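Colleague: Okay, so here is protein32.cif, and as you'll see once you scroll down, it has mmCIF, C-alpha atoms.
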```cif
data_start
loop_
_atom_site.label_atom_id
_atom_site.label_comp_id
_atom_site.auth_asym_id
_atom_site.auth_seq_id
_atom_site.Cartn_x
_atom_site.Cartn_y
_atom_site.Cartn_z
CA MET A 423 -14.74 2.50 12.82
CA THR A 424 -12.62 -0.58 12.02
CA ALA A 425 -8.89 0.01 12.47
CA THR A 426 -6.73 0.02 9.36
CA PRO A 427 -5.06 -3.41 9.06
CA ARG A 428 -1.31 -3.78 9.24
CA ILE A 429 -0.10 -5.12 5.90
CA ALA A 430 3.18 -6.82 5.06
CA ALA A 431 4.45 -7.61 1.58
CA LEU A 432 6.53 -10.79 1.45
CA ILE A 433 8.62 -10.68 -1.72
CA VAL A 434 9.91 -14.11 -2.75
CA ALA A 435 13.39 -13.64 -4.24
CA ALA A 436 15.39 -16.76 -3.35
CA GLY A 437 15.16 -18.45 -6.75
CA ARG A 438 17.98 -18.86 -9.23
CA GLY A 439 16.00 -17.93 -12.37
CA ARG A 440 18.38 -19.72 -14.75
CA ARG A 441 15.98 -19.69 -17.74
CA ALA A 442 16.27 -15.91 -17.85
CA GLY A 443 19.98 -16.10 -18.64
CA GLY A 444 22.51 -13.50 -17.54
CA PRO A 445 25.46 -13.58 -15.15
CA VAL A 446 23.32 -13.26 -12.00
CA PRO A 447 19.80 -14.35 -11.04
CA LYS A 448 17.10 -12.39 -12.86
CA GLN A 449 15.93 -10.45 -9.80
CA TRP A 450 19.31 -8.71 -9.54
CA GLN A 451 19.62 -7.93 -13.25
CA SER A 452 19.06 -4.40 -14.52
CA LEU A 453 15.70 -3.32 -15.94
CA LEU A 454 15.68 0.26 -17.24
CA GLY A 455 18.60 1.13 -15.00
CA LYS A 456 17.31 -0.50 -11.79
CA PRO A 457 17.41 -4.11 -10.59
CA VAL A 458 14.19 -6.03 -11.15
CA ALA A 459 13.80 -6.50 -7.39
CA ARG A 460 13.99 -2.74 -6.79
CA TRP A 461 11.07 -2.12 -9.16
CA THR A 462 9.06 -4.75 -7.32
CA LEU A 463 9.84 -3.44 -3.85
CA GLU A 464 8.93 0.11 -4.86
CA ARG A 465 5.48 -1.05 -5.99
CA PHE A 466 4.66 -2.13 -2.44
CA ALA A 467 6.65 0.42 -0.42
CA ALA A 468 3.81 2.92 0.11
CA ILE A 469 1.29 0.22 1.00
CA ALA A 470 2.99 -2.35 3.17
CA GLU A 471 5.89 -3.28 5.39
CA LEU A 472 8.52 -4.98 3.24
CA ILE A 473 10.18 -8.33 3.81
CA MET A 474 12.21 -10.06 1.08
CA VAL A 475 13.28 -13.70 1.16
CA ILE A 476 16.63 -14.20 -0.57
CA HIS A 477 19.20 -16.88 -1.29
CA PRO A 478 22.00 -16.62 1.31
CA ASP A 479 24.55 -16.11 -1.48
CA ASP A 480 22.66 -13.03 -2.73
CA ARG A 481 22.65 -10.91 0.42
CA LYS A 482 25.10 -8.36 -1.00
CA PHE A 483 22.93 -7.84 -4.09
CA ALA A 484 19.87 -7.38 -1.90
CA GLU A 485 21.52 -4.99 0.55
CA ASN A 486 22.77 -2.77 -2.26
CA LEU A 487 19.41 -2.39 -3.98
CA CYS A 488 17.44 -1.79 -0.77
CA ASP A 489 19.10 1.57 -0.12
CA GLY A 490 16.46 4.06 1.02
CA LEU A 491 13.81 1.39 1.58
CA ASP A 492 12.97 -0.23 4.90
CA VAL A 493 13.27 -3.91 3.95
CA THR A 494 13.80 -6.91 6.22
CA LEU A 495 15.95 -9.55 4.50
CA VAL A 496 15.43 -13.23 5.35
CA ASP A 497 17.37 -16.25 4.07
CA GLY A 498 15.16 -18.61 2.08
CA ALA A 499 15.17 -22.33 1.36
CA ASP A 500 15.77 -24.56 -1.65
CA GLU A 501 12.04 -24.77 -2.45
CA ARG A 502 9.52 -21.95 -2.78
CA ALA A 503 7.25 -23.18 0.01
CA GLY A 504 10.18 -23.27 2.40
CA SER A 505 11.21 -19.74 1.46
CA VAL A 506 7.72 -18.41 2.05
CA ARG A 507 7.56 -20.24 5.36
CA ALA A 508 10.83 -18.60 6.41
CA GLY A 509 9.45 -15.17 5.55
CA LEU A 510 6.21 -15.79 7.40
CA GLN A 511 8.10 -17.02 10.44
CA ALA A 512 10.21 -13.83 10.46
CA LEU A 513 6.98 -11.80 10.57
CA ALA A 514 5.79 -13.72 13.64
CA ILE A 515 7.80 -11.42 15.92
CA ALA A 516 5.33 -8.60 15.16
CA PRO A 517 2.63 -10.29 13.08
CA PRO A 518 0.70 -8.17 10.57
CA ASP A 519 -3.01 -8.58 9.96
CA ILE A 520 -2.55 -9.23 6.24
CA VAL A 521 0.34 -10.59 4.21
CA LEU A 522 0.74 -10.21 0.45
CA ILE A 523 3.03 -12.86 -1.05
CA HIS A 524 4.51 -11.73 -4.36
CA ASP A 525 7.01 -13.08 -6.87
CA VAL A 526 9.99 -10.74 -7.18
CA ALA A 527 10.04 -11.30 -10.95
CA ARG A 528 6.67 -9.53 -11.38
CA PRO A 529 7.84 -5.87 -11.30
CA CYS A 530 4.97 -4.46 -13.39
CA ILE A 531 2.13 -5.10 -10.94
CA SER A 532 -0.12 -2.06 -10.53
CA ILE A 533 -1.07 -0.39 -7.27
CA GLN A 534 -4.72 -0.84 -8.21
CA CYS A 535 -4.37 -4.63 -8.47
CA ILE A 536 -2.59 -4.77 -5.12
CA GLN A 537 -5.35 -2.72 -3.52
CA THR A 538 -8.04 -4.98 -5.01
CA VAL A 539 -6.43 -7.99 -3.34
CA ILE A 540 -6.32 -6.14 -0.02
CA ASP A 541 -9.94 -5.01 -0.27
CA THR A 542 -11.15 -8.52 -1.12
CA LEU A 543 -9.62 -9.88 2.08
CA ALA A 544 -12.33 -8.06 4.04
CA ASP A 545 -14.71 -10.87 3.03
CA HIS A 546 -12.42 -13.80 2.17
CA ALA A 547 -9.59 -15.67 3.88
CA GLY A 548 -7.50 -15.36 0.72
CA ALA A 549 -7.44 -13.47 -2.57
CA ALA A 550 -5.30 -13.75 -5.67
CA PRO A 551 -5.30 -12.20 -9.15
CA ALA A 552 -5.72 -14.41 -12.19
CA LEU A 553 -6.59 -14.21 -15.87
CA PRO A 554 -9.02 -16.64 -17.51
CA VAL A 555 -7.44 -18.85 -20.17
CA THR A 556 -8.77 -17.71 -23.56
CA ASP A 557 -6.51 -19.61 -25.98
CA ALA A 558 -7.40 -23.07 -27.27
CA LEU A 559 -5.59 -25.78 -25.34
CA TRP A 560 -4.16 -29.05 -26.60
CA THR A 561 -2.54 -32.09 -25.13
CA GLY A 562 0.60 -33.23 -26.92
CA GLU A 563 3.25 -35.90 -27.06
CA ASN A 564 6.50 -36.17 -29.02
CA GLY A 565 5.88 -32.77 -30.60
CA LYS A 566 2.43 -33.69 -31.95
CA VAL A 567 -1.07 -32.68 -30.91
CA THR A 568 -2.86 -35.59 -29.26
CA GLY A 569 -6.18 -33.88 -28.56
CA PRO A 570 -8.06 -30.83 -27.31
CA GLN A 571 -8.19 -29.75 -23.68
CA ASP A 572 -11.24 -28.02 -22.28
CA ARG A 573 -10.31 -24.56 -20.96
CA THR A 574 -13.54 -24.01 -19.03
CA GLY A 575 -12.78 -22.77 -15.54
CA LEU A 576 -9.03 -22.51 -16.13
CA TYR A 577 -7.06 -19.45 -14.99
CA ARG A 578 -3.49 -18.17 -15.26
CA ALA A 579 -2.43 -17.54 -11.68
CA GLN A 580 -0.60 -14.37 -10.68
CA THR A 581 0.63 -12.68 -7.51
CA PRO A 582 0.34 -10.99 -5.05
CA GLN A 583 -1.62 -13.66 -3.25
CA GLY A 584 -3.06 -12.17 -0.09
CA PHE A 585 -4.13 -13.83 3.14
CA ARG A 586 -4.86 -13.10 6.74
CA TYR A 587 -1.49 -13.66 8.32
CA ALA A 588 -2.51 -16.09 11.05
CA ASP A 589 -4.36 -18.30 8.56
CA ILE A 590 -1.56 -18.63 5.99
CA MET A 591 1.09 -19.04 8.71
CA GLN A 592 -0.79 -22.02 10.13
CA ALA A 593 -1.45 -23.39 6.63
CA HIS A 594 2.29 -23.39 5.87
CA ARG A 595 3.12 -25.02 9.18
CA ASP A 596 0.70 -27.83 8.40
CA PHE A 597 1.80 -28.25 4.76
CA SER A 598 4.43 -30.80 3.77
CA GLY A 599 6.35 -30.84 0.52
CA ASN A 600 6.56 -28.12 -2.12
CA ALA A 601 3.74 -26.15 -3.75
CA ALA A 602 3.37 -24.22 -6.99
CA ASP A 603 2.11 -21.19 -5.06
CA ASP A 604 0.51 -20.15 -1.81
CA VAL A 605 -3.03 -20.65 -3.05
CA GLU A 606 -2.23 -24.37 -3.19
CA VAL A 607 -1.05 -24.26 0.43
CA ALA A 608 -4.11 -22.26 1.49
CA ARG A 609 -6.57 -24.59 -0.22
CA ALA A 610 -4.90 -27.61 1.35
CA ALA A 611 -5.78 -26.01 4.69
CA GLY A 612 -9.38 -25.49 3.62
CA LEU A 613 -9.08 -21.71 3.19
CA ASP A 614 -11.45 -19.86 0.86
CA VAL A 615 -9.48 -18.04 -1.87
CA ALA A 616 -11.25 -15.48 -4.05
CA ILE A 617 -10.15 -14.80 -7.63
CA VAL A 618 -9.73 -11.11 -8.46
CA PRO A 619 -9.05 -9.73 -11.95
CA GLY A 620 -5.45 -10.14 -13.01
CA GLU A 621 -3.49 -7.97 -15.44
CA GLU A 622 -1.73 -8.78 -18.69
CA ARG A 623 0.96 -6.31 -17.61
CA ASN A 624 1.65 -8.38 -14.50
CA LEU A 625 3.99 -10.72 -16.35
CA LYS A 626 6.56 -12.89 -14.64
CA ILE A 627 10.06 -12.47 -16.06
CA THR A 628 11.09 -16.00 -16.97
CA VAL A 629 13.09 -15.97 -20.23
CA PRO A 630 15.41 -13.31 -21.73
CA ALA A 631 12.70 -11.84 -23.99
CA ASP A 632 10.59 -11.01 -20.92
CA PHE A 633 13.04 -8.28 -19.91
CA HIS A 634 12.16 -6.41 -23.10
CA ARG A 635 8.44 -6.88 -22.53
CA ALA A 636 8.70 -5.61 -18.96
CA ALA A 637 10.77 -2.63 -20.05
CA GLN A 638 8.13 -1.66 -22.63
CA ILE A 639 5.39 -1.81 -19.98
CA LEU A 640 7.37 0.31 -17.54
CA LYS A 641 8.30 2.82 -20.25
CA GLU A 642 4.66 3.21 -21.19
CA ASP A 643 3.76 3.95 -17.58
CA LYS A 644 3.73 7.69 -17.37
CA MET A 645 4.89 8.49 -13.88
CA ASP A 646 1.86 10.33 -12.61
CA ILE A 647 2.81 12.33 -9.52
CA ARG A 648 0.07 14.53 -8.09
CA LEU A 649 0.56 17.30 -5.52
CA GLY A 650 -2.33 18.84 -3.62
CA ASN A 651 -2.55 21.68 -1.14
CA GLY A 652 -5.11 22.14 1.61
CA TYR A 653 -5.86 25.13 3.85
CA ASP A 654 -8.40 25.42 6.63
CA VAL A 655 -9.31 27.80 9.43
CA HIS A 656 -11.55 27.40 12.46
CA ALA A 657 -12.40 30.01 15.08
CA PHE A 658 -12.35 29.40 18.80
CA GLU A 659 -15.46 29.13 20.92
CA SER A 660 -16.05 28.21 24.54
CA GLY A 661 -14.89 24.71 25.48
CA ASP A 662 -12.18 22.71 27.20
CA HIS A 663 -10.30 20.97 24.36
CA VAL A 664 -9.46 21.02 20.66
CA ILE A 665 -9.12 18.06 18.29
CA LEU A 666 -6.07 18.12 16.00
CA CYS A 667 -5.16 15.22 13.73
CA GLY A 668 -7.64 13.05 15.61
CA VAL A 669 -6.12 13.70 19.03
CA GLU A 670 -7.99 15.48 21.83
CA ILE A 671 -5.77 18.21 23.31
CA PRO A 672 -6.77 20.01 26.53
CA HIS A 673 -7.28 23.76 26.06
CA ASP A 674 -9.35 26.55 27.54
CA LYS A 675 -11.27 26.88 24.27
CA ALA A 676 -12.72 24.65 21.56
CA LEU A 677 -12.78 24.98 17.78
CA LYS A 678 -16.06 25.94 16.17
CA GLY A 679 -17.26 23.98 13.15
CA HIS A 680 -20.06 21.93 11.61
CA SER A 681 -18.13 18.70 12.22
CA ASP A 682 -15.62 18.16 15.04
CA ALA A 683 -13.60 21.11 13.60
CA ASP A 684 -10.32 19.18 13.27
CA VAL A 685 -8.63 21.95 11.30
CA ALA A 686 -5.45 19.95 10.62
CA MET A 687 -7.24 16.84 9.38
CA HIS A 688 -9.46 19.01 7.18
CA ALA A 689 -6.38 20.55 5.54
CA VAL A 690 -4.91 17.11 4.83
CA THR A 691 -8.23 15.89 3.43
CA ASP A 692 -8.51 18.89 1.12
CA ALA A 693 -4.90 18.35 0.00
CA LEU A 694 -5.78 14.80 -1.04
CA TYR A 695 -8.93 15.92 -2.85
CA GLY A 696 -6.93 18.68 -4.54
CA ALA A 697 -4.29 16.26 -5.80
CA MET A 698 -7.08 14.26 -7.47
CA ALA A 699 -8.89 17.39 -8.77
CA GLU A 700 -11.86 16.29 -6.67
CA GLY A 701 -12.74 19.63 -5.11
CA ASP A 702 -12.85 19.90 -1.33
CA ILE A 703 -14.60 18.44 1.70
CA GLY A 704 -17.66 20.58 1.06
CA ARG A 705 -18.25 18.91 -2.30
CA HIS A 706 -18.30 15.43 -0.79
CA PHE A 707 -19.76 16.27 2.64
CA PRO A 708 -21.89 19.43 2.31
CA PRO A 709 -22.12 21.41 5.57
CA SER A 710 -25.79 21.97 4.74
CA ASP A 711 -26.39 18.25 5.29
CA PRO A 712 -27.36 17.72 8.97
CA GLN A 713 -25.97 14.16 9.01
CA TRP A 714 -22.43 15.60 9.18
CA LYS A 715 -23.19 17.78 12.22
CA GLY A 716 -20.52 16.96 14.78
CA ALA A 717 -19.09 14.15 12.59
CA ALA A 718 -15.59 12.84 13.26
CA SER A 719 -13.25 14.27 10.64
CA GLU A 720 -11.63 10.87 10.15
CA ILE A 721 -14.75 9.98 8.12
CA PHE A 722 -13.78 12.67 5.59
CA LEU A 723 -10.11 11.74 5.58
CA LYS A 724 -10.79 8.01 5.13
CA HIS A 725 -13.10 8.82 2.22
CA ALA A 726 -10.31 10.80 0.52
CA VAL A 727 -7.81 7.98 1.14
CA ASP A 728 -10.19 5.34 -0.23
CA LEU A 729 -10.96 7.52 -3.27
CA ALA A 730 -7.25 7.88 -4.03
CA GLN A 731 -6.74 4.13 -3.80
CA SER A 732 -9.75 3.44 -6.03
CA LYS A 733 -8.18 5.70 -8.67
CA GLY A 734 -4.94 3.71 -8.53
CA TYR A 735 -2.92 6.20 -6.46
CA ALA A 736 -0.67 5.51 -3.50
CA ILE A 737 -0.14 8.24 -0.94
CA SER A 738 3.58 8.90 -0.88
CA ASN A 739 3.60 11.39 1.98
CA ILE A 740 1.72 14.20 3.68
CA ASP A 741 3.06 17.33 5.34
CA VAL A 742 0.87 19.44 7.63
CA THR A 743 1.62 22.65 9.50
CA ILE A 744 -0.63 23.89 12.31
CA ILE A 745 -0.54 27.63 12.93
CA CYS A 746 -1.50 28.83 16.41
CA GLU A 747 -0.14 30.46 19.54
CA LYS A 748 -1.84 27.94 21.82
CA PRO A 749 -2.20 25.09 22.56
CA LYS A 750 1.34 23.83 22.20
CA VAL A 751 1.33 21.11 19.56
CA GLY A 752 4.85 19.69 19.92
CA PRO A 753 4.19 17.41 22.92
CA HIS A 754 1.23 15.86 21.11
CA ALA A 755 2.86 15.43 17.68
CA PRO A 756 3.86 11.75 18.14
CA ALA A 757 0.31 10.76 19.09
CA MET A 758 -1.08 12.82 16.22
CA THR A 759 1.31 11.17 13.76
CA ALA A 760 0.35 7.70 15.01
CA ARG A 761 -3.35 8.46 14.71
CA MET A 762 -3.04 9.83 11.17
CA ALA A 763 -0.95 6.81 10.16
CA GLU A 764 -3.62 4.50 11.53
CA ILE A 765 -6.45 6.25 9.68
CA MET A 766 -4.56 6.58 6.38
CA GLY A 767 -2.87 3.17 6.40
CA LEU A 768 0.58 4.75 6.08
CA ARG A 769 3.86 4.29 7.88
CA GLU A 770 4.56 7.07 10.36
CA ASP A 771 7.71 8.11 8.50
CA ARG A 772 5.49 9.25 5.61
CA ILE A 773 3.62 11.75 7.79
CA SER A 774 5.04 15.10 8.91
CA ILE A 775 3.16 17.09 11.54
CA LYS A 776 4.60 20.35 12.79
CA ALA A 777 3.45 23.66 14.21
CA THR A 778 4.41 27.31 14.15
CA THR A 779 3.13 30.60 15.47
CA SER A 780 2.36 33.75 13.48
CA GLU A 781 4.51 35.87 15.82
CA ARG A 782 1.39 37.36 17.42
CA LEU A 783 0.23 38.69 14.05
CA GLY A 784 -3.23 38.23 12.56
CA PHE A 785 -6.18 36.26 13.92
CA THR A 786 -4.00 33.33 14.98
CA GLY A 787 -1.66 35.72 16.77
CA ARG A 788 -4.62 37.21 18.60
CA GLU A 789 -5.61 33.65 19.59
CA GLU A 790 -8.95 33.89 17.79
CA GLY A 791 -8.55 30.53 16.08
CA ILE A 792 -6.25 28.00 14.43
CA ALA A 793 -5.18 27.69 10.80
CA SER A 794 -3.59 24.72 9.05
CA ILE A 795 -1.94 24.10 5.70
CA ALA A 796 -1.11 20.69 4.22
CA THR A 797 0.50 19.15 1.17
CA ALA A 798 -0.15 15.63 -0.09
CA THR A 799 1.76 13.65 -2.71
CA LEU A 800 0.05 10.91 -4.71
CA VAL A 801 1.87 8.51 -7.01
CA ALA A 802 0.14 6.37 -9.62
CA ALA A 803 1.55 3.04 -10.76
#
```
Is it possible to express this structure as structure tokens?
Modeller:
Amino acid sequence: MTATPRIAALIVAAGRGRRAGGPVPKQWQSLLGKPVARWTLERFAAIAELIMVIHPDDRKFAENLCDGLDVTLVDGADERAGSVRAGLQALAIAPPDIVLIHDVARPCISIQCIQTVIDTLADHAGAAPALPVTDALWTGENGKVTGPQDRTGLYRAQTPQGFRYADIMQAHRDFSGNAADDVEVARAAGLDVAIVPGEERNLKITVPADFHRAAQILKEDKMDIRLGNGYDVHAFESGDHVILCGVEIPHDKALKGHSDADVAMHAVTDALYGAMAEGDIGRHFPPSDPQWKGAASEIFLKHAVDLAQSKGYAISNIDVTIICEKPKVGPHAPAMTARMAEIMGLREDRISIKATTSERLGFTGREEGIASIATATLVAA
């Protein structure tokens, strides 16, 4: 199975935004009680590592609004292309597989649109959302119409514009001068950029009236937070290891099951399905179907993760408790957390894996098997 790509979101926030008015640049102004930049960062926080390019004079604004978020701040340049280049260069220390370059003044972007850009990069070197131009277009001079302009093949460009990191880094190194956006830089390097459907809600705050429009969009977003619980049990049988959260742990017994019997991963998978009101693993992968005999449980978990993303949900966090007397889970918890993070495309600090005993009570106390409970939180944009 292909490893989940590392994704970074590069938020471009070094501009002055003078047309928007106000005492400070638009990205630091309040929108429904939070700075514009905070709204934007929160859209990407559950999906990607965050890096924000800022004007050196604005560092205090940026540091204050980043509280609680893991954001790398980088000083930008006078021109947009230079700011993006600075952000990309900062990522070179630990380069991601994919980078999403987004204008800070687009706080209403949906999770679903972001995910579409990411998915499209599986087959293209670049991807960017856009809306086809539907209004009639004119040319004009001195306040008068001078003629029609054909709108065939014209699009209104939006962000995030996504690329494979190595490609766009090299494209920026080779590019001279300024550019309207990163698609221009990518195309100058000969990169293929796919157009994905944009969103009317993904407006760029430019003038004072746009703050009101953005506020209306965000107010209309009903914060849809879904919680799901999962519970699973597997009995022991003869064997020499168990698999928990995708990690093989030596033991004098194995877990019995139709698949690989990863009781912890099954609980997390059912928690995700439950949060979406999508039943359980058995609905999607019937145990009566022989193709799932001995299957790796990560297949089930990845399906639940992909289903959540297709419905426009981001996984905020998961919490799983493994209940057994033996084997001891604690020494293996870091490896289990890393493996779950890899499969789910989450940061490790969004995954809690812990264990407890049942004080020698019940079937787990008698060491007849292992039980696991899990909770998953989904958040819709």
Colleague: Using all atoms listed in the file, determine which residues lie at most 8 Å from A:Leu649, disregarding the query and same-chain residues fewer than 4 positions distant; provide the list as an mmCIF file with C-alpha atoms, in the frame of the given file.
Modeller:
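selection_23.cif written:
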```
data_model
loop_
_atom_site.group_PDB
_atom_site.id
_atom_site.type_symbol
_atom_site.label_atom_id
_atom_site.label_comp_id
_atom_site.auth_asym_id
_atom_site.auth_seq_id
_atom_site.Cartn_x
_atom_site.Cartn_y
_atom_site.Cartn_z
ATOM 1 C CA ALA A 693 -4.900 18.350 0.000
ATOM 2 C CA GLY A 696 -6.930 18.680 -4.540
ATOM 3 C CA ALA A 697 -4.290 16.260 -5.800
ATOM 4 C CA THR A 797 0.500 19.150 1.170
ATOM 5 C CA ALA A 798 -0.150 15.630 -0.090
ATOM 6 C CA THR A 799 1.760 13.650 -2.710
ATOM 7 C CA LEU A 800 0.050 10.910 -4.710
#
```
Colleague: For the point (22.1, -11.8, -11.4) in file coordinates, what residues are within 12 Å, counting all atoms listed in the file? Give the answer as a PyMOL selection string?
Modeller: chain A and resi 435-453+457-459+477+479-484
Colleague: Decode the PyMOL selection byres ((chain A and resi 517) around 12) for the given file into explicit residues and return them as a list in words.
Modeller: Pro427, Arg428, Ile429, Ala430, Ala431, Glu471, Gly509, Leu510, Gln511, Ala512, Leu513, Ala514, Ile515, Ala516, Pro518, Asp519, Ile520, Val521, Arg586, Tyr587, Ala588, Asp589, Ile590 and Met591 of chain A
Colleague: To test your reading of the syntax: which residues would the PyMOL selection byres ((chain A and resi 681-689) around 8) return for the file shown? Reply as number ranges by chain.
Modeller: A: 651-656, 664-668, 677-680, 690-693, 703, 714-720, 722-723, 742-744, 792-796
Colleague: Starting from the shown file, work through the PyMOL selection byres ((chain A and resi 533) around 10) and note down what comes out as a list in words.
Modeller: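 This file gives the following for the PyMOL selection byres ((chain A and resi 533) around 10): Arg465, Phe466, Ala468, Ile469, Cys530, Ile531, Ser532, Gln534, Cys535, Ile536, Gln537, Thr538, Gln731, Ser732, Lys733, Gly734, Tyr735, Ala736, Val801, Ala802 and Ala803 of chain A.
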Colleague: Kindly give the distance, in Å, that separates atom CA of A:Leu495 and atom CA of A:Met474, rounded to a single decimal.
Modeller: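 So the two atoms, atom CA of A:Leu495 and atom CA of A:Met474, lie 5.1 Å apart.
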Colleague: Could you please determine the separation between atom CA of A:Pro753 and atom CA of A:Ala470 in Å, to one decimal place?
Modeller: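 Separating atom CA of A:Pro753 from atom CA of A:Ala470 is a distance of 28.0 Å.
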Colleague: Would you compute the distance between atom CA of A:Ile775 and atom CA of A:Trp461? Give it in Å to one decimal.
Modeller: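 Computing it gives 29.3 Å between the two atoms.
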Colleague: Pick out the residues sitting within 9 Å of A:Arg507, and hand them over as a PyMOL selection string; count only C-alpha atoms, and ignore anything fewer than 5 positions along from it in its own chain.
Modeller: chain A and resi 498-499+502+512+591+594-595
Colleague: List the residues sitting within 9 Å of (11.0, -3.9, -3.8) in the file's frame, using all atoms listed in the file, as JSON, numbers by chain.
Modeller: {"A": [433, 458, 459, 460, 461, 462, 463, 464, 465, 466, 467, 472, 473, 474, 487, 488, 491, 493, 526, 529]}
Colleague: With 4 Å of padding per side, what axis-aligned box (centre and edge lengths, Å, one decimal) covers all the listed atoms of stretch 678-689 of chain A? Give it as JSON.
Modeller:
```
{"center_x": -12.8, "center_y": 21.4, "center_z": 10.9, "size_x": 22.6, "size_y": 17.1, "size_z": 18.6}
```
Colleague: Would you mind telling me which residue in A:Asp643, A:Glu606, A:Asp741, A:Asp596 lies nearest to A:Ala550 when using all atoms listed in the file?
Modeller: A:Glu606
Colleague: Considering all atoms listed in the file, state which residue in the set A:Val669, A:Lys641, A:Ala549, A:Arg705 is at the smallest distance from A:Gly620.
Modeller: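 Smallest distance to A:Gly620 is found for A:Ala549.
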Colleague: May I ask which of the residues A:Ala527, A:Thr574, A:Val539, A:Thr426 is the closest one to A:Arg769, counting all atoms listed in the file?
Modeller: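 Once distances to A:Arg769 are computed over all atoms listed in the file, the minimum belongs to A:Thr426.
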Colleague: From the set A:Ile639, A:Val751, A:Leu432, A:Cys746, which residue has the shortest atom-to-atom contact distance to A:Gly584, counting all atoms listed in the file?
Modeller: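 Going through A:Ile639, A:Val751, A:Leu432, A:Cys746 one by one, the smallest distance to A:Gly584 is for A:Leu432.
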Colleague: Rank nothing, just name the residue among A:Ile721, A:Leu729, A:Ile671, A:Ile523 nearest to A:Met698, using only C-alpha atoms.
Modeller: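 Comparing A:Ile721, A:Leu729, A:Ile671, A:Ile523 against A:Met698, the winner is A:Leu729.
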Colleague: Given only C-alpha atoms as the basis, pick out the residue of A:Gln583, A:Gly661, A:Asp541, A:Leu576 nearest to A:Asp728.
Modeller: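 Under the stated criterion, the closest residue is A:Asp541.
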